[in-house]
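Quick notes on the structure that follows.
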2 protein chains.
Amino acid sequence: MTRAFDSHDHTHCEKTGLAELERHCADNKLRLTPVRRRVFEILQSQHKAMGAYDILEILQKEGLGSQPPVAYRALDFLVGNGFAHKIEGLNAFIACSHPGDNHIPAFLICRKCARVAETDPQTNALRRQASDAGFSIEHTVVEAMGVCPDCSETAA
Amino acid sequence: MTRAFDSHDHTHCEKTGLAELERHCADNKLRLTPVRRRVFEILQSQHKAMGAYDILEILQKEGLGSQPPVAYRALDFLVGNGFAHKIEGLNAFIACSHPGDNHIPAFLICRKCARVAETDPQTNALRRQASDAGFSIEHTVVEAMGVCPDCSETAA
DNA sequence: GCTTGATATGTTATACTATTACAGATAGCA
DNA sequence: TGCTATCTGTAATAGTATAACATATCAAGC
């Protein structure tokens, strides 16, 4: 679950992610427009969170859009369909590393290299407490900021 | 742990919170300046998260400061010393409901009435996964958005 | 009490993040 | 083809946060 911090063949991540996105859109009659596809590719190209304006800058260079709403709309689409998550602590976005399944994600975020690994928080205690309090959860944010193994070694 | 959603004598919250803040500052030779004290009182006055600019507006009316850094500095002081938390999902701040102990907080946030209850997430699974991945956690954000019991009844 | 150094405040300006609103284009279907 | 929903283009603006630097205040040691 913490592949972002391990060396791996990243082209595999990219290919399978894009394929899943295509399949999901086809199955659900969603329009995978050039901007949406490209924003997903950009997010997917690395295990780092990117700000909306970073993405917009790339779109601008490629002639795919010039104003903030272009980026935010594409991001809303991806987040809404489970293909990206917003990292609230960074005001940034990251491609979902296992889209499609209806999960509650948790993130390990390195403050040095900005890489983000998605894991499973298993928030049973929180769910039980919410349930006991009569609170119905619609969305959860679980983010752990810290230092990843690579950056930790570098410091030592 | 979810007092925010129960009816209670709120003046008790306010008194004990302020007393703890005063004691902590005295013990640690921290300067509890008028702005800092007042911002804590404002946050403490309700179990809701407030934006920095909401707080600034109040400070302005009271002649305690007119520019954003005044509010952000006071908030940084409170957050840094454990007397307030930032709710990342709202870009807002809330007084800590049990300051002093070195805890990992979790929040239940009602999207209808904006009340926020602080609970204990018991994030053992997350900690174990981080540890397994060689990731060292420095700060965690656990926020559950949803509907509180009062608002849920109202809707029904 | 006075000096000194550290900490806090006042203020201007600006950077960064996000949305509203409306006009125009495109896709899919009757 | 024409209708309708959806997506895109663009301008304007709202909302959140910080940098930078000058001034003021505090607390400790002389």
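Numbering starts fresh at 1 for the residues of each chain in the structure tokens, the chains themselves are lettered A, B, ... in the order given, and ligands are numbered from 1 as they appear.
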Give me, as a ChimeraX atom specification, the residues of chain B that a backbone DSSP run labels strand (DSSP E or B). /B:48,50,84-87,92-95,106-110,115-119,136-147
Using only C-alpha atoms (C1' of nucleotides) and a cut-off of 9 Å, which residues of chain D sit close to chain B? Please list them as a compact mmCIF listing (two decimals) with all heavy atoms, in the first residue's frame.
# COMPACT_ATOMS: atom_id res chain seq x y z
P DG D 15 -16.15 35.79 -0.07
OP1 DG D 15 -17.34 35.02 0.37
OP2 DG D 15 -15.86 37.14 0.46
O5' DG D 15 -14.87 34.88 0.16
C5' DG D 15 -14.87 33.54 -0.29
C4' DG D 15 -13.53 32.91 0.04
O4' DG D 15 -12.52 33.49 -0.80
C3' DG D 15 -13.08 33.15 1.49
O3' DG D 15 -12.70 31.87 1.98
C2' DG D 15 -11.89 34.10 1.36
C1' DG D 15 -11.36 33.72 -0.02
N9 DG D 15 -10.57 34.70 -0.74
C8 DG D 15 -10.88 36.01 -1.06
N7 DG D 15 -9.93 36.60 -1.77
C5 DG D 15 -8.97 35.62 -1.92
C6 DG D 15 -7.72 35.67 -2.60
O6 DG D 15 -7.21 36.61 -3.21
N1 DG D 15 -7.04 34.45 -2.50
C2 DG D 15 -7.52 33.34 -1.84
N2 DG D 15 -6.74 32.26 -1.83
N3 DG D 15 -8.68 33.29 -1.21
C4 DG D 15 -9.34 34.45 -1.30
P DT D 16 -12.21 31.68 3.50
OP1 DT D 16 -12.74 30.39 3.96
OP2 DT D 16 -12.42 32.93 4.26
O5' DT D 16 -10.64 31.51 3.28
C5' DT D 16 -10.15 30.38 2.59
C4' DT D 16 -8.65 30.43 2.54
O4' DT D 16 -8.24 31.57 1.75
C3' DT D 16 -7.97 30.61 3.91
O3' DT D 16 -7.09 29.52 4.09
C2' DT D 16 -7.25 31.95 3.82
C1' DT D 16 -7.06 32.11 2.33
N1 DT D 16 -6.92 33.48 1.81
C2 DT D 16 -5.81 33.81 1.08
O2 DT D 16 -4.92 33.02 0.86
N3 DT D 16 -5.76 35.11 0.63
C4 DT D 16 -6.70 36.09 0.83
O4 DT D 16 -6.55 37.23 0.37
C5 DT D 16 -7.86 35.68 1.60
C7 DT D 16 -8.95 36.69 1.88
C6 DT D 16 -7.92 34.41 2.05
P DA D 17 -6.19 29.44 5.41
OP1 DA D 17 -5.80 28.03 5.57
OP2 DA D 17 -6.88 30.16 6.49
O5' DA D 17 -4.89 30.26 5.01
C5' DA D 17 -4.12 29.81 3.90
C4' DA D 17 -2.91 30.70 3.73
O4' DA D 17 -3.30 31.99 3.24
C3' DA D 17 -2.12 30.95 5.02
O3' DA D 17 -0.90 30.25 4.90
C2' DA D 17 -1.97 32.47 5.09
C1' DA D 17 -2.32 32.92 3.67
N9 DA D 17 -2.91 34.24 3.54
C8 DA D 17 -4.08 34.70 4.10
N7 DA D 17 -4.38 35.95 3.79
C5 DA D 17 -3.32 36.33 2.96
C6 DA D 17 -3.04 37.53 2.29
N6 DA D 17 -3.82 38.62 2.35
N1 DA D 17 -1.91 37.58 1.56
C2 DA D 17 -1.13 36.50 1.49
N3 DA D 17 -1.29 35.30 2.07
C4 DA D 17 -2.42 35.29 2.79
P DT D 18 0.24 30.42 6.01
OP1 DT D 18 0.98 29.15 6.00
OP2 DT D 18 -0.31 30.97 7.25
O5' DT D 18 1.17 31.52 5.34
C5' DT D 18 1.50 31.36 3.97
C4' DT D 18 2.39 32.49 3.52
O4' DT D 18 1.61 33.70 3.40
C3' DT D 18 3.54 32.83 4.47
O3' DT D 18 4.72 32.81 3.69
C2' DT D 18 3.21 34.21 5.00
C1' DT D 18 2.39 34.79 3.86
N1 DT D 18 1.43 35.85 4.23
C2 DT D 18 1.51 37.07 3.59
O2 DT D 18 2.35 37.32 2.74
N3 DT D 18 0.57 37.98 3.99
C4 DT D 18 -0.41 37.81 4.94
O4 DT D 18 -1.19 38.71 5.21
C5 DT D 18 -0.44 36.51 5.56
C7 DT D 18 -1.48 36.22 6.60
C6 DT D 18 0.47 35.60 5.19
Using only C-alpha atoms (C1' of nucleotides), which chain C residues lie at most 12 Å away from chain B, written as number ranges by chain? C: 7-13, 17
Within 6 Å of chain A, which residues belong to chain B? Use only C-alpha atoms and report them as an MDAnalysis selection string. chainID B and resid 88:89 121 126 134:149
Could the residues in this selection be saved with all heavy atoms as a compact mmCIF listing (two decimals), in the first residue's frame?
# COMPACT_ATOMS: atom_id res chain seq x y z
N GLU B 88 -8.48 21.26 8.40
CA GLU B 88 -7.98 21.45 7.04
C GLU B 88 -9.11 21.46 6.01
O GLU B 88 -9.07 22.19 5.03
CB GLU B 88 -6.96 20.36 6.69
CG GLU B 88 -5.70 20.38 7.53
CD GLU B 88 -4.79 21.55 7.21
OE1 GLU B 88 -5.03 22.24 6.20
OE2 GLU B 88 -3.84 21.80 7.98
N GLY B 89 -10.11 20.63 6.26
CA GLY B 89 -11.20 20.53 5.30
C GLY B 89 -12.05 21.77 5.21
O GLY B 89 -12.85 21.93 4.28
N PRO B 121 -9.16 9.26 17.54
CA PRO B 121 -9.27 8.37 16.38
C PRO B 121 -8.69 6.98 16.61
O PRO B 121 -8.99 6.05 15.88
CB PRO B 121 -8.47 9.10 15.32
CG PRO B 121 -7.43 9.84 16.08
CD PRO B 121 -8.06 10.22 17.39
N LEU B 126 -3.00 2.94 11.19
CA LEU B 126 -2.23 3.89 10.39
C LEU B 126 -0.79 3.97 10.89
O LEU B 126 0.16 3.95 10.11
CB LEU B 126 -2.90 5.26 10.44
CG LEU B 126 -2.27 6.34 9.57
CD1 LEU B 126 -2.32 5.96 8.10
CD2 LEU B 126 -2.97 7.67 9.78
N GLY B 134 8.49 2.55 7.01
CA GLY B 134 9.65 3.37 7.35
C GLY B 134 9.35 4.85 7.34
O GLY B 134 10.23 5.69 7.24
N PHE B 135 8.06 5.16 7.45
CA PHE B 135 7.63 6.56 7.41
C PHE B 135 7.44 7.06 8.82
O PHE B 135 6.75 6.42 9.62
CB PHE B 135 6.31 6.65 6.64
CG PHE B 135 5.80 8.05 6.41
CD1 PHE B 135 6.09 8.72 5.25
CD2 PHE B 135 5.02 8.68 7.37
CE1 PHE B 135 5.61 10.00 5.03
CE2 PHE B 135 4.55 9.96 7.16
CZ PHE B 135 4.85 10.63 5.98
N SER B 136 8.03 8.21 9.15
CA SER B 136 7.86 8.72 10.51
C SER B 136 6.85 9.86 10.52
O SER B 136 7.03 10.88 9.87
CB SER B 136 9.19 9.15 11.10
OG SER B 136 9.59 10.38 10.58
N ILE B 137 5.78 9.65 11.25
CA ILE B 137 4.68 10.61 11.30
C ILE B 137 5.00 11.74 12.26
O ILE B 137 5.44 11.51 13.38
CB ILE B 137 3.39 9.90 11.74
CG1 ILE B 137 2.94 8.88 10.69
CG2 ILE B 137 2.28 10.92 11.98
CD1 ILE B 137 1.69 8.10 11.07
N GLU B 138 4.77 12.96 11.80
CA GLU B 138 4.98 14.12 12.66
C GLU B 138 3.67 14.79 13.04
O GLU B 138 3.57 15.45 14.07
CB GLU B 138 5.88 15.14 11.94
CG GLU B 138 7.30 14.63 11.74
CD GLU B 138 8.12 15.53 10.84
OE1 GLU B 138 7.55 16.41 10.15
OE2 GLU B 138 9.34 15.34 10.80
N HIS B 139 2.68 14.64 12.17
CA HIS B 139 1.41 15.32 12.41
C HIS B 139 0.32 14.58 11.65
O HIS B 139 0.53 14.20 10.50
CB HIS B 139 1.50 16.76 11.93
CG HIS B 139 0.22 17.52 12.01
ND1 HIS B 139 -0.37 17.86 13.22
CD2 HIS B 139 -0.61 17.98 11.05
CE1 HIS B 139 -1.50 18.51 12.97
NE2 HIS B 139 -1.67 18.60 11.67
N THR B 140 -0.81 14.39 12.27
CA THR B 140 -1.89 13.72 11.54
C THR B 140 -3.16 14.57 11.52
O THR B 140 -3.41 15.35 12.43
CB THR B 140 -2.26 12.35 12.15
OG1 THR B 140 -2.82 12.54 13.44
CG2 THR B 140 -1.07 11.44 12.24
N VAL B 141 -3.90 14.41 10.46
CA VAL B 141 -5.18 15.09 10.27
C VAL B 141 -6.24 14.01 10.09
O VAL B 141 -6.13 13.20 9.18
CB VAL B 141 -5.14 15.97 9.01
CG1 VAL B 141 -6.52 16.58 8.74
CG2 VAL B 141 -4.08 17.05 9.14
N VAL B 142 -7.20 13.97 10.98
CA VAL B 142 -8.30 13.02 10.84
C VAL B 142 -9.60 13.79 10.96
O VAL B 142 -9.91 14.34 12.02
CB VAL B 142 -8.24 11.90 11.90
CG1 VAL B 142 -9.39 10.92 11.70
CG2 VAL B 142 -6.90 11.17 11.85
N GLU B 143 -10.32 13.87 9.88
CA GLU B 143 -11.56 14.65 9.86
C GLU B 143 -12.67 13.86 9.18
O GLU B 143 -12.49 13.35 8.09
CB GLU B 143 -11.33 15.98 9.11
CG GLU B 143 -10.22 16.83 9.74
CD GLU B 143 -9.84 18.05 8.91
OE1 GLU B 143 -10.46 18.25 7.84
OE2 GLU B 143 -8.93 18.78 9.32
N ALA B 144 -13.80 13.78 9.86
CA ALA B 144 -14.95 13.11 9.26
C ALA B 144 -16.05 14.15 9.05
O ALA B 144 -16.52 14.78 10.00
CB ALA B 144 -15.44 11.99 10.16
N MET B 145 -16.43 14.33 7.80
CA MET B 145 -17.51 15.27 7.47
C MET B 145 -18.82 14.49 7.42
O MET B 145 -18.85 13.36 6.94
CB MET B 145 -17.29 15.89 6.09
CG MET B 145 -15.90 16.41 5.83
SD MET B 145 -15.55 17.92 6.74
CE MET B 145 -13.81 18.15 6.31
N GLY B 146 -19.89 15.13 7.87
CA GLY B 146 -21.16 14.43 7.84
C GLY B 146 -22.25 15.26 8.47
O GLY B 146 -22.22 16.50 8.37
N VAL B 147 -23.18 14.59 9.10
CA VAL B 147 -24.34 15.27 9.68
C VAL B 147 -24.47 14.85 11.14
O VAL B 147 -24.46 13.65 11.45
CB VAL B 147 -25.62 14.92 8.91
CG1 VAL B 147 -26.81 15.66 9.50
CG2 VAL B 147 -25.47 15.27 7.44
N CYS B 148 -24.59 15.86 12.02
CA CYS B 148 -24.66 15.58 13.45
C CYS B 148 -26.07 15.12 13.83
O CYS B 148 -27.00 15.26 13.04
CB CYS B 148 -24.25 16.81 14.24
SG CYS B 148 -25.52 18.08 14.34
N PRO B 149 -26.23 14.56 15.03
CA PRO B 149 -27.55 14.03 15.42
C PRO B 149 -28.67 15.07 15.35
O PRO B 149 -29.75 14.76 14.86
CB PRO B 149 -27.32 13.53 16.85
CG PRO B 149 -25.97 13.98 17.26
CD PRO B 149 -25.20 14.26 16.03
Pairwise distance for atom C1' of DT4 of chain C and atom CA of Arg36 of chain B, rounded to one decimal in Å: 26.1 Å
Mind giving me the straight-line distance from atom CA of Lys29 of chain A to atom CA of Cys13 of chain A in Å, one decimal? 23.9 Å
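With distances restricted to only C-alpha atoms (C1' of nucleotides), A:Leu30 is the closest residue to DA27 of chain C from A:Ile58, A:Arg38, A:Leu30, A:Gly82.
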Near-DC30 of chain D list (12 Å; only C-alpha atoms (C1' of nucleotides); drop same-chain fewer than 2 positions) as a PyMOL selection string: (chain C and resi 1-4) or (chain D and resi 28)
Point-to-point distance in Å for atom C1' of DT1 of chain D and atom C1' of DT26 of chain C: 15.5 Å
